[in-house]
$ cat coords-v2.cif   # mmCIF, C-alpha atoms
data_start
#
loop_
_atom_site.group_PDB
_atom_site.id
_atom_site.type_symbol
_atom_site.label_atom_id
_atom_site.label_comp_id
_atom_site.auth_asym_id
_atom_site.auth_seq_id
_atom_site.Cartn_x
_atom_site.Cartn_y
_atom_site.Cartn_z
ATOM 1 C CA MET A 13 0.000 0.000 0.000
ATOM 2 C CA ALA A 14 1.418 3.404 -0.995
ATOM 3 C CA LYS A 15 1.361 6.083 1.716
ATOM 4 C CA ILE A 16 -2.075 7.701 1.934
ATOM 5 C CA GLU A 17 -1.664 11.461 2.275
ATOM 6 C CA ASN A 18 -5.264 12.608 1.930
ATOM 7 C CA LEU A 19 -8.851 11.661 1.040
ATOM 8 C CA LYS A 20 -8.043 11.614 -2.681
ATOM 9 C CA ASP A 21 -5.355 8.952 -2.150
ATOM 10 C CA LEU A 22 -7.717 6.968 0.064
ATOM 11 C CA TYR A 23 -10.505 7.225 -2.531
ATOM 12 C CA VAL A 24 -8.277 5.927 -5.328
ATOM 13 C CA HIS A 25 -6.915 3.151 -3.084
ATOM 14 C CA GLU A 26 -10.451 2.032 -2.214
ATOM 15 C CA LEU A 27 -11.519 2.114 -5.876
ATOM 16 C CA LYS A 28 -8.644 -0.289 -6.634
ATOM 17 C CA ASP A 29 -9.677 -2.423 -3.667
ATOM 18 C CA ALA A 30 -13.261 -2.495 -5.026
ATOM 19 C CA TYR A 31 -11.999 -3.340 -8.513
ATOM 20 C CA ASP A 32 -10.202 -6.295 -6.953
ATOM 21 C CA PHE A 33 -13.085 -7.540 -4.807
ATOM 22 C CA GLU A 34 -15.568 -7.357 -7.676
ATOM 23 C CA HIS A 35 -13.276 -9.693 -9.636
ATOM 24 C CA GLN A 36 -13.062 -12.022 -6.622
ATOM 25 C CA ILE A 37 -16.884 -12.083 -6.552
ATOM 26 C CA LEU A 38 -17.075 -12.793 -10.305
ATOM 27 C CA LYS A 39 -14.967 -15.897 -9.643
ATOM 28 C CA ALA A 40 -16.906 -17.019 -6.551
ATOM 29 C CA LEU A 41 -20.493 -16.689 -7.850
ATOM 30 C CA PRO A 42 -20.463 -19.547 -10.403
ATOM 31 C CA LYS A 43 -19.189 -21.924 -7.667
ATOM 32 C CA MET A 44 -21.984 -20.781 -5.357
ATOM 33 C CA GLU A 45 -24.562 -21.241 -8.124
ATOM 34 C CA LYS A 46 -23.270 -24.764 -8.750
ATOM 35 C CA LYS A 47 -23.439 -25.742 -5.078
ATOM 36 C CA ALA A 48 -26.910 -24.265 -4.431
ATOM 37 C CA SER A 49 -29.855 -26.716 -4.519
ATOM 38 C CA SER A 50 -32.799 -24.307 -4.534
ATOM 39 C CA GLN A 51 -33.643 -23.276 -8.097
ATOM 40 C CA GLU A 52 -34.546 -19.795 -6.883
ATOM 41 C CA LEU A 53 -31.170 -19.426 -5.183
ATOM 42 C CA LYS A 54 -29.334 -20.693 -8.276
ATOM 43 C CA ALA A 55 -31.221 -18.091 -10.327
ATOM 44 C CA ALA A 56 -30.373 -15.350 -7.797
ATOM 45 C CA PHE A 57 -26.630 -16.137 -8.005
ATOM 46 C CA LYS A 58 -26.793 -16.278 -11.803
ATOM 47 C CA GLU A 59 -28.547 -12.916 -11.926
ATOM 48 C CA HIS A 60 -26.034 -11.426 -9.487
ATOM 49 C CA LEU A 61 -23.185 -12.444 -11.757
ATOM 50 C CA LYS A 62 -24.644 -10.192 -14.464
ATOM 51 C CA VAL A 63 -25.110 -7.390 -11.916
ATOM 52 C CA THR A 64 -21.473 -7.782 -10.795
ATOM 53 C CA GLU A 65 -20.264 -7.541 -14.405
ATOM 54 C CA ARG A 66 -22.105 -4.206 -14.676
ATOM 55 C CA GLN A 67 -20.548 -3.053 -11.397
ATOM 56 C CA VAL A 68 -17.063 -3.790 -12.770
ATOM 57 C CA LYS A 69 -17.877 -1.673 -15.831
ATOM 58 C CA ARG A 70 -19.067 1.168 -13.576
ATOM 59 C CA LEU A 71 -15.765 1.143 -11.691
ATOM 60 C CA GLU A 72 -13.970 1.321 -15.050
ATOM 61 C CA GLN A 73 -16.081 4.404 -15.886
ATOM 62 C CA VAL A 74 -15.045 6.022 -12.597
ATOM 63 C CA PHE A 75 -11.344 5.308 -13.250
ATOM 64 C CA GLN A 76 -11.742 6.775 -16.728
ATOM 65 C CA ASP A 77 -13.441 9.880 -15.332
ATOM 66 C CA LEU A 78 -10.439 10.258 -12.986
ATOM 67 C CA GLY A 79 -8.058 9.823 -15.920
ATOM 68 C CA GLN A 80 -6.611 6.653 -14.365
ATOM 69 C CA LYS A 81 -6.108 3.116 -15.623
ATOM 70 C CA PRO A 82 -8.235 0.590 -13.686
ATOM 71 C CA THR A 83 -5.917 -1.407 -11.425
ATOM 72 C CA ARG A 84 -6.422 -3.812 -8.536
ATOM 73 C CA VAL A 85 -4.963 -3.900 -5.013
ATOM 74 C CA SER A 86 -5.469 -7.172 -3.179
ATOM 75 C CA CYS A 87 -8.599 -6.962 -0.997
ATOM 76 C CA LYS A 88 -7.903 -9.106 2.081
ATOM 77 C CA GLY A 89 -11.333 -8.449 3.574
ATOM 78 C CA MET A 90 -13.175 -10.036 0.642
ATOM 79 C CA LYS A 91 -10.644 -12.876 0.548
ATOM 80 C CA GLY A 92 -11.618 -13.803 4.114
ATOM 81 C CA LEU A 93 -15.348 -13.566 3.330
ATOM 82 C CA ILE A 94 -15.018 -15.817 0.295
ATOM 83 C CA GLU A 95 -12.882 -18.358 2.195
ATOM 84 C CA GLU A 96 -15.609 -18.454 4.819
ATOM 85 C CA GLY A 97 -18.197 -19.253 2.147
ATOM 86 C CA GLU A 98 -15.947 -21.948 0.684
ATOM 87 C CA GLU A 99 -15.638 -23.627 4.082
ATOM 88 C CA TYR A 100 -19.380 -24.314 4.035
ATOM 89 C CA MET A 101 -19.125 -25.762 0.531
ATOM 90 C CA LYS A 102 -16.175 -28.034 1.344
ATOM 91 C CA ASN A 103 -17.742 -29.265 4.505
ATOM 92 C CA GLY A 104 -20.367 -31.523 2.941
ATOM 93 C CA ALA A 105 -23.329 -29.858 4.689
ATOM 94 C CA ASP A 106 -26.863 -31.118 4.083
ATOM 95 C CA PRO A 107 -28.110 -29.462 0.816
ATOM 96 C CA ASP A 108 -30.926 -27.447 2.463
ATOM 97 C CA ALA A 109 -28.638 -26.228 5.257
ATOM 98 C CA LEU A 110 -25.965 -25.416 2.676
ATOM 99 C CA ASP A 111 -28.445 -23.206 0.808
ATOM 100 C CA ALA A 112 -29.098 -21.258 4.031
ATOM 101 C CA ALA A 113 -25.331 -20.990 4.645
ATOM 102 C CA LEU A 114 -24.719 -19.787 1.070
ATOM 103 C CA ILE A 115 -27.280 -17.026 1.554
ATOM 104 C CA LEU A 116 -25.492 -15.931 4.726
ATOM 105 C CA ALA A 117 -22.137 -15.996 2.901
ATOM 106 C CA ALA A 118 -23.630 -13.867 0.113
ATOM 107 C CA GLN A 119 -25.158 -11.413 2.587
ATOM 108 C CA ARG A 120 -21.782 -10.953 4.292
ATOM 109 C CA VAL A 121 -20.418 -10.046 0.852
ATOM 110 C CA GLU A 122 -23.343 -7.699 0.076
ATOM 111 C CA HIS A 123 -22.917 -5.894 3.382
ATOM 112 C CA TYR A 124 -19.189 -5.522 2.812
ATOM 113 C CA GLU A 125 -19.968 -3.926 -0.530
ATOM 114 C CA MET A 126 -22.619 -1.668 1.002
ATOM 115 C CA ALA A 127 -20.056 -0.353 3.521
ATOM 116 C CA VAL A 128 -17.468 0.269 0.792
ATOM 117 C CA TYR A 129 -19.756 1.791 -1.870
ATOM 118 C CA GLY A 130 -21.506 3.978 0.741
ATOM 119 C CA THR A 131 -18.084 5.307 1.739
ATOM 120 C CA LEU A 132 -16.888 5.693 -1.868
ATOM 121 C CA CYS A 133 -19.983 7.816 -2.627
ATOM 122 C CA ALA A 134 -19.229 10.029 0.392
ATOM 123 C CA TYR A 135 -15.562 10.404 -0.664
ATOM 124 C CA ALA A 136 -16.543 11.230 -4.273
ATOM 125 C CA LYS A 137 -18.968 13.918 -3.057
ATOM 126 C CA ALA A 138 -16.465 15.419 -0.583
ATOM 127 C CA LEU A 139 -13.900 15.564 -3.427
ATOM 128 C CA GLY A 140 -16.404 17.271 -5.758
ATOM 129 C CA HIS A 141 -16.753 14.313 -8.140
ATOM 130 C CA GLU A 142 -20.556 14.409 -8.350
ATOM 131 C CA ASN A 143 -20.683 12.355 -11.544
ATOM 132 C CA GLN A 144 -18.612 9.562 -9.994
ATOM 133 C CA ALA A 145 -20.740 9.680 -6.834
ATOM 134 C CA ALA A 146 -23.855 9.111 -8.975
ATOM 135 C CA ILE A 147 -22.261 6.115 -10.747
ATOM 136 C CA LEU A 148 -21.160 4.550 -7.434
ATOM 137 C CA HIS A 149 -24.594 5.186 -5.960
ATOM 138 C CA GLU A 150 -26.202 2.985 -8.607
ATOM 139 C CA THR A 151 -24.074 0.083 -7.392
ATOM 140 C CA LEU A 152 -24.867 0.856 -3.748
ATOM 141 C CA GLU A 153 -28.598 0.679 -4.542
ATOM 142 C CA GLU A 154 -28.176 -2.628 -6.375
ATOM 143 C CA GLU A 155 -26.324 -4.138 -3.417
ATOM 144 C CA THR A 156 -29.004 -3.017 -0.984
ATOM 145 C CA ARG A 157 -31.702 -4.520 -3.225
ATOM 146 C CA THR A 158 -29.830 -7.817 -3.613
ATOM 147 C CA ASP A 159 -29.436 -8.059 0.165
ATOM 148 C CA GLU A 160 -33.189 -7.518 0.654
ATOM 149 C CA GLU A 161 -34.030 -10.155 -1.957
ATOM 150 C CA LEU A 162 -31.739 -12.685 -0.269
ATOM 151 C CA THR A 163 -33.388 -11.966 3.103
ATOM 152 C CA LYS A 164 -36.804 -12.569 1.533
ATOM 153 C CA LEU A 165 -35.680 -15.832 -0.074
ATOM 154 C CA ALA A 166 -34.132 -17.052 3.216
ATOM 155 C CA LYS A 167 -37.198 -16.245 5.328
ATOM 156 C CA SER A 168 -39.853 -17.424 2.855
ATOM 157 C CA THR A 169 -38.375 -20.813 1.925
ATOM 158 C CA VAL A 170 -34.681 -21.620 2.362
ATOM 159 C CA ASN A 171 -34.460 -21.367 6.183
ATOM 160 C CA LEU A 172 -37.720 -23.298 6.574
ATOM 161 C CA GLU A 173 -36.576 -26.147 4.341
ATOM 162 C CA ALA A 174 -33.420 -26.467 6.463
ATOM 163 C CA LEU A 175 -35.364 -26.873 9.734
ATOM 164 C CA PRO A 176 -34.437 -30.028 11.683
ATOM 165 C CA GLY A 177 -36.497 -33.101 10.657
ATOM 166 C CA MET B 1 -16.144 -27.283 11.003
ATOM 167 C CA ALA B 2 -18.462 -30.147 12.011
ATOM 168 C CA LYS B 3 -20.935 -31.309 9.358
ATOM 169 C CA ILE B 4 -23.986 -29.033 9.280
ATOM 170 C CA GLU B 5 -27.129 -31.168 9.010
ATOM 171 C CA ASN B 6 -29.805 -28.525 9.468
ATOM 172 C CA LEU B 7 -30.642 -24.945 10.457
ATOM 173 C CA LYS B 8 -30.102 -25.707 14.158
ATOM 174 C CA ASP B 9 -26.491 -26.799 13.498
ATOM 175 C CA LEU B 10 -25.932 -23.752 11.314
ATOM 176 C CA TYR B 11 -27.402 -21.464 14.005
ATOM 177 C CA VAL B 12 -25.103 -22.876 16.699
ATOM 178 C CA HIS B 13 -22.103 -22.723 14.359
ATOM 179 C CA GLU B 14 -22.793 -19.059 13.573
ATOM 180 C CA LEU B 15 -23.255 -18.221 17.263
ATOM 181 C CA LYS B 16 -19.761 -19.650 17.896
ATOM 182 C CA ASP B 17 -18.450 -17.677 14.921
ATOM 183 C CA ALA B 18 -20.034 -14.509 16.385
ATOM 184 C CA TYR B 19 -18.575 -15.295 19.823
ATOM 185 C CA ASP B 20 -15.174 -15.458 18.145
ATOM 186 C CA PHE B 21 -15.502 -12.298 16.068
ATOM 187 C CA GLU B 22 -16.739 -10.239 19.014
ATOM 188 C CA HIS B 23 -13.531 -11.211 20.852
ATOM 189 C CA GLN B 24 -11.476 -10.246 17.798
ATOM 190 C CA ILE B 25 -13.224 -6.838 17.841
ATOM 191 C CA LEU B 26 -12.559 -6.416 21.588
ATOM 192 C CA LYS B 27 -8.857 -6.805 20.813
ATOM 193 C CA ALA B 28 -8.862 -4.502 17.761
ATOM 194 C CA LEU B 29 -10.801 -1.520 19.156
ATOM 195 C CA PRO B 30 -8.184 -0.251 21.667
ATOM 196 C CA LYS B 31 -5.564 -0.215 18.859
ATOM 197 C CA MET B 32 -7.958 1.759 16.651
ATOM 198 C CA GLU B 33 -8.685 4.191 19.492
ATOM 199 C CA LYS B 34 -4.940 4.709 20.030
ATOM 200 C CA LYS B 35 -4.274 5.393 16.331
ATOM 201 C CA ALA B 36 -7.226 7.769 15.837
ATOM 202 C CA SER B 37 -6.441 11.494 15.961
ATOM 203 C CA SER B 38 -9.949 12.981 16.111
ATOM 204 C CA GLN B 39 -11.133 13.170 19.721
ATOM 205 C CA GLU B 40 -14.673 12.353 18.598
ATOM 206 C CA LEU B 41 -13.473 9.236 16.795
ATOM 207 C CA LYS B 42 -11.389 8.131 19.796
ATOM 208 C CA ALA B 43 -14.515 8.550 21.964
ATOM 209 C CA ALA B 44 -16.614 6.571 19.460
ATOM 210 C CA PHE B 45 -14.160 3.624 19.534
ATOM 211 C CA LYS B 46 -13.997 3.760 23.349
ATOM 212 C CA GLU B 47 -17.783 3.725 23.577
ATOM 213 C CA HIS B 48 -17.994 0.865 21.070
ATOM 214 C CA LEU B 49 -15.670 -1.210 23.244
ATOM 215 C CA LYS B 50 -18.274 -1.055 26.039
ATOM 216 C CA VAL B 51 -21.052 -1.896 23.554
ATOM 217 C CA THR B 52 -19.031 -4.898 22.318
ATOM 218 C CA GLU B 53 -18.561 -6.144 25.894
ATOM 219 C CA ARG B 54 -22.359 -6.103 26.288
ATOM 220 C CA GLN B 55 -22.737 -7.950 22.977
ATOM 221 C CA VAL B 56 -20.411 -10.701 24.224
ATOM 222 C CA LYS B 57 -22.569 -11.041 27.352
ATOM 223 C CA ARG B 58 -25.696 -11.285 25.190
ATOM 224 C CA LEU B 59 -24.196 -14.141 23.192
ATOM 225 C CA GLU B 60 -23.407 -15.878 26.496
ATOM 226 C CA GLN B 61 -27.080 -15.484 27.458
ATOM 227 C CA VAL B 62 -28.132 -17.085 24.163
ATOM 228 C CA PHE B 63 -25.745 -20.026 24.683
ATOM 229 C CA GLN B 64 -27.107 -20.432 28.220
ATOM 230 C CA ASP B 65 -30.691 -20.375 26.936
ATOM 231 C CA LEU B 66 -29.704 -23.144 24.487
ATOM 232 C CA GLY B 67 -28.108 -25.129 27.334
ATOM 233 C CA GLN B 68 -24.689 -24.854 25.681
ATOM 234 C CA LYS B 69 -21.288 -23.671 26.862
ATOM 235 C CA PRO B 70 -20.112 -20.560 24.938
ATOM 236 C CA THR B 71 -17.337 -21.613 22.566
ATOM 237 C CA ARG B 72 -15.537 -19.997 19.637
ATOM 238 C CA VAL B 73 -14.892 -21.171 16.084
ATOM 239 C CA SER B 74 -12.297 -19.145 14.200
ATOM 240 C CA CYS B 75 -14.030 -16.451 12.122
ATOM 241 C CA LYS B 76 -11.903 -15.991 8.993
ATOM 242 C CA GLY B 77 -14.132 -13.247 7.623
ATOM 243 C CA MET B 78 -13.504 -10.935 10.576
ATOM 244 C CA LYS B 79 -9.799 -11.830 10.542
ATOM 245 C CA GLY B 80 -9.563 -10.472 6.989
ATOM 246 C CA LEU B 81 -11.486 -7.308 7.893
ATOM 247 C CA ILE B 82 -9.248 -6.607 10.875
ATOM 248 C CA GLU B 83 -6.066 -7.253 8.862
ATOM 249 C CA GLU B 84 -7.340 -4.752 6.318
ATOM 250 C CA GLY B 85 -7.766 -2.139 9.085
ATOM 251 C CA GLU B 86 -4.282 -2.903 10.412
ATOM 252 C CA GLU B 87 -2.770 -2.315 6.965
ATOM 253 C CA TYR B 88 -3.912 1.313 7.126
ATOM 254 C CA MET B 89 -2.410 1.690 10.589
ATOM 255 C CA LYS B 90 0.960 0.170 9.644
ATOM 256 C CA ASN B 91 1.186 2.194 6.502
ATOM 257 C CA GLY B 92 2.029 5.537 8.098
ATOM 258 C CA ALA B 93 -0.893 7.423 6.485
ATOM 259 C CA ASP B 94 -1.425 11.106 7.174
ATOM 260 C CA PRO B 95 -3.354 11.373 10.513
ATOM 261 C CA ASP B 96 -6.517 12.929 9.001
ATOM 262 C CA ALA B 97 -6.617 10.394 6.152
ATOM 263 C CA LEU B 98 -5.985 7.609 8.671
ATOM 264 C CA ASP B 99 -9.048 8.721 10.643
ATOM 265 C CA ALA B 100 -11.166 8.438 7.492
ATOM 266 C CA ALA B 101 -9.667 4.999 6.752
ATOM 267 C CA LEU B 102 -10.311 3.834 10.335
ATOM 268 C CA ILE B 103 -13.986 4.799 9.983
ATOM 269 C CA LEU B 104 -14.208 2.768 6.782
ATOM 270 C CA ALA B 105 -12.513 -0.197 8.500
ATOM 271 C CA ALA B 106 -15.004 0.071 11.378
ATOM 272 C CA GLN B 107 -17.968 0.306 8.990
ATOM 273 C CA ARG B 108 -16.839 -2.844 7.194
ATOM 274 C CA VAL B 109 -16.901 -4.546 10.607
ATOM 275 C CA GLU B 110 -20.312 -3.078 11.517
ATOM 276 C CA HIS B 111 -21.805 -4.238 8.229
ATOM 277 C CA TYR B 112 -20.379 -7.715 8.702
ATOM 278 C CA GLU B 113 -22.046 -7.845 12.093
ATOM 279 C CA MET B 114 -25.327 -6.527 10.679
ATOM 280 C CA ALA B 115 -25.360 -9.360 8.112
ATOM 281 C CA VAL B 116 -24.623 -11.986 10.769
ATOM 282 C CA TYR B 117 -26.948 -10.738 13.515
ATOM 283 C CA GLY B 118 -29.785 -10.178 11.028
ATOM 284 C CA THR B 119 -29.385 -13.788 9.936
ATOM 285 C CA LEU B 120 -29.049 -15.101 13.500
ATOM 286 C CA CYS B 121 -32.352 -13.370 14.396
ATOM 287 C CA ALA B 122 -34.051 -15.027 11.411
ATOM 288 C CA TYR B 123 -32.621 -18.453 12.355
ATOM 289 C CA ALA B 124 -33.696 -18.050 16.012
ATOM 290 C CA LYS B 125 -37.245 -17.160 14.916
ATOM 291 C CA ALA B 126 -37.470 -20.024 12.399
ATOM 292 C CA LEU B 127 -36.305 -22.398 15.152
ATOM 293 C CA GLY B 128 -38.927 -21.042 17.589
ATOM 294 C CA HIS B 129 -36.389 -19.389 19.945
ATOM 295 C CA GLU B 130 -38.264 -16.082 20.272
ATOM 296 C CA ASN B 131 -36.409 -15.068 23.435
ATOM 297 C CA GLN B 132 -33.031 -15.556 21.760
ATOM 298 C CA ALA B 133 -34.220 -13.664 18.667
ATOM 299 C CA ALA B 134 -35.113 -10.695 20.892
ATOM 300 C CA ILE B 135 -31.664 -10.726 22.560
ATOM 301 C CA LEU B 136 -29.882 -10.903 19.192
ATOM 302 C CA HIS B 137 -32.098 -8.149 17.823
ATOM 303 C CA GLU B 138 -30.828 -5.736 20.489
ATOM 304 C CA THR B 139 -27.306 -6.226 19.144
ATOM 305 C CA LEU B 140 -28.479 -5.823 15.544
ATOM 306 C CA GLU B 141 -30.042 -2.464 16.453
ATOM 307 C CA GLU B 142 -26.865 -1.316 18.207
ATOM 308 C CA GLU B 143 -24.748 -2.180 15.157
ATOM 309 C CA THR B 144 -27.089 -0.313 12.833
ATOM 310 C CA ARG B 145 -26.947 2.737 15.139
ATOM 311 C CA THR B 146 -23.138 2.624 15.386
ATOM 312 C CA ASP B 147 -22.865 2.459 11.606
ATOM 313 C CA GLU B 148 -25.124 5.525 11.246
ATOM 314 C CA GLU B 149 -23.100 7.461 13.835
ATOM 315 C CA LEU B 150 -19.852 6.663 12.020
ATOM 316 C CA THR B 151 -21.368 7.841 8.714
ATOM 317 C CA LYS B 152 -22.400 11.096 10.384
ATOM 318 C CA LEU B 153 -18.934 11.617 11.896
ATOM 319 C CA ALA B 154 -17.238 10.899 8.541
ATOM 320 C CA LYS B 155 -19.455 13.249 6.544
ATOM 321 C CA SER B 156 -19.586 16.104 9.086
ATOM 322 C CA THR B 157 -15.873 16.378 9.898
ATOM 323 C CA VAL B 158 -13.431 13.501 9.327
ATOM 324 C CA ASN B 159 -13.658 13.261 5.500
ATOM 325 C CA LEU B 160 -13.509 17.050 5.176
ATOM 326 C CA GLU B 161 -10.376 17.336 7.327
ATOM 327 C CA ALA B 162 -8.690 14.763 5.101
ATOM 328 C CA LEU B 163 -9.331 16.728 1.881
ATOM 329 C CA PRO B 164 -6.189 17.441 -0.148
ATOM 330 C CA GLY B 165 -4.367 20.688 0.893
#

$ encode --input "coords-v2.cif" --output "C-alpha cells"
Amino acid sequence: MAKIENLKDLYVHELKDAYDFEHQILKALPKMEKKASSQELKAAFKEHLKVTERQVKRLEQVFQDLGQKPTRVSCKGMKGLIEEGEEYMKNGADPDALDAALILAAQRVEHYEMAVYGTLCAYAKALGHENQAAILHETLEEETRTDEELTKLAKSTVNLEALPG
Amino acid sequence: MAKIENLKDLYVHELKDAYDFEHQILKALPKMEKKASSQELKAAFKEHLKVTERQVKRLEQVFQDLGQKPTRVSCKGMKGLIEEGEEYMKNGADPDALDAALILAAQRVEHYEMAVYGTLCAYAKALGHENQAAILHETLEEETRTDEELTKLAKSTVNLEALPG
C-alpha cells in the first residue's frame, strides 16, 4: 500500500480495492450457483453475476473519469469472506442447510460492498466528483436490493426447508 | 467445522463464529482508538468497546438459553477485515486520512455484524427461539446505530479534514 496522504489517495486506493473484490466475486459466484440446490437461489446467483459484471464496468467508468487506468490492489477483507463461504461448501453440509449458509455468505459479501460503496460515494462527493458519486450510488442501490431479496428468499423458503427433521 | 445437518447446526455454528468475532473486535478496538487522531473518533471507539462487551454477554445469554457452553470457532471473515484495518495503521498514512480509513474499517466490521446478527435473528425465529431472537435483535439495532453514527462523523468532519491541501 502506498502512503495515503489525503482523502483523494484513500478514494483511489479504495476504488482499486473495489476493482479487486468485484473480480473475486465474479470468480466465486459460479461456484456458489453450482453448489446451491434451490432453483430460486441458483437463479439469484446467476442474476447477481450479471449485476457484478455491470458493477465492474461502472468502476472502469469512474477510473476513466479520474483519468486513471483501472488497477487492482489485493482486498484481504473479501478474501476472508469468500474463504468463509468456501468452508461451508467443502464441509459436505446437508443441501438445504448449505443453501441457508450460502445465503449468509452472500449477505456478508453484500454488506461488505454496502459499507465500501456507501463510503466511496461520500468520498466522491467530498472531493467534488458528483458524476462519480452518482455512478457509485447505482451500485450501492443494487447491493441493498440484492441483500433484501436474499433476506426474503431465506425467510420465505430456504431457512424453513433447512429446519431439523 | 463439524458437518452441518440442518438450520439448528448452522445457528449454533454461527453463534460460535459470532462469539469469536466479538472477541477479535474487543482486541482490535483499543488499537484503533490509540491510532485515531480525532477526539470524537477516539470517543466513538472507546464507547464501542463497552457496547461490544455487552454484545459478548448477550451471546453468552443465548448459549445459556440453548443449554450450551459458549465456545468460539475461528471467524476468517472478521480476521480479513481486521487485517485490512491494520494495513492502514501500519502504513504511516497522514493522521486525518488515517481517521477516514479507520472509519471505513469500522464500517466494514459493523456491516459484517449486521449481516450476521440479522441472519441469527431469522434463524432463532425459524427455530422457535423467540427469546433468543429478541436478545440478538438488540445487538443488531446497536450495530445499525453505530454504523449511522460513524457515517455522520465521517461526513460532518473527518472526510472534510482529510481533503487534499

$ resolve_selection --input "coords-v2.cif" --expression "the PyMOL selection byres ((chain A and resi 23-25) around 8)" --output "PyMOL selection string"
chain A and resi 19-22+26-29+85+132+135-136

$ resolve_selection --input "coords-v2.cif" --expression "the PyMOL selection byres ((chain B and resi 132) around 12)" --output "PyMOL selection string"
chain B and resi 11-12+15+58-66+117+120-131+133-139

$ write_last_selection --input "coords-v2.cif" --atoms "C-alpha atoms" --output "short mmCIF file (atom, residue, chain, number, x, y, z; two decimals), in the frame of the given file"
data_model
loop_
_atom_site.label_atom_id
_atom_site.label_comp_id
_atom_site.auth_asym_id
_atom_site.auth_seq_id
_atom_site.Cartn_x
_atom_site.Cartn_y
_atom_site.Cartn_z
CA TYR B 11 -27.40 -21.46 14.00
CA VAL B 12 -25.10 -22.88 16.70
CA LEU B 15 -23.26 -18.22 17.26
CA ARG B 58 -25.70 -11.28 25.19
CA LEU B 59 -24.20 -14.14 23.19
CA GLU B 60 -23.41 -15.88 26.50
CA GLN B 61 -27.08 -15.48 27.46
CA VAL B 62 -28.13 -17.08 24.16
CA PHE B 63 -25.74 -20.03 24.68
CA GLN B 64 -27.11 -20.43 28.22
CA ASP B 65 -30.69 -20.38 26.94
CA LEU B 66 -29.70 -23.14 24.49
CA TYR B 117 -26.95 -10.74 13.52
CA LEU B 120 -29.05 -15.10 13.50
CA CYS B 121 -32.35 -13.37 14.40
CA ALA B 122 -34.05 -15.03 11.41
CA TYR B 123 -32.62 -18.45 12.36
CA ALA B 124 -33.70 -18.05 16.01
CA LYS B 125 -37.24 -17.16 14.92
CA ALA B 126 -37.47 -20.02 12.40
CA LEU B 127 -36.30 -22.40 15.15
CA GLY B 128 -38.93 -21.04 17.59
CA HIS B 129 -36.39 -19.39 19.94
CA GLU B 130 -38.26 -16.08 20.27
CA ASN B 131 -36.41 -15.07 23.44
CA ALA B 133 -34.22 -13.66 18.67
CA ALA B 134 -35.11 -10.70 20.89
CA ILE B 135 -31.66 -10.73 22.56
CA LEU B 136 -29.88 -10.90 19.19
CA HIS B 137 -32.10 -8.15 17.82
CA GLU B 138 -30.83 -5.74 20.49
CA THR B 139 -27.31 -6.23 19.14
#

$ residues_around --input "coords-v2.cif" --residues "Glu52 (chain A)" --least-positions-apart "6" --cutoff "10 Å" --atoms "all atoms listed in the file" --output "PyMOL selection string"
chain A and resi 58+165+169-170

$ atom_distance --input "coords-v2.cif" --atom1 "CA of Lys27 (chain B)" --atom2 "CA of Leu102 (chain B)"
15.0 Å

$ atom_distance --input "coords-v2.cif" --atom1 "CA of Gln55 (chain B)" --atom2 "CA of Arg145 (chain B)"
13.9 Å

$ atom_distance --input "coords-v2.cif" --atom1 "CA of Lys35 (chain B)" --atom2 "CA of Glu86 (chain B)"
10.2 Å

$ axis_aligned_box --input "coords-v2.cif" --around "region 108-118 of chain A" --padding-each-side "4 Å" --output "JSON"
{"center_x": -26.5, "center_y": -20.7, "center_z": 2.7, "size_x": 16.8, "size_y": 21.6, "size_z": 13.1}

$ resolve_selection --input "coords-v2.cif" --expression "the PyMOL selection byres ((chain A and resi 63) around 12)" --output "count of residues only"
26
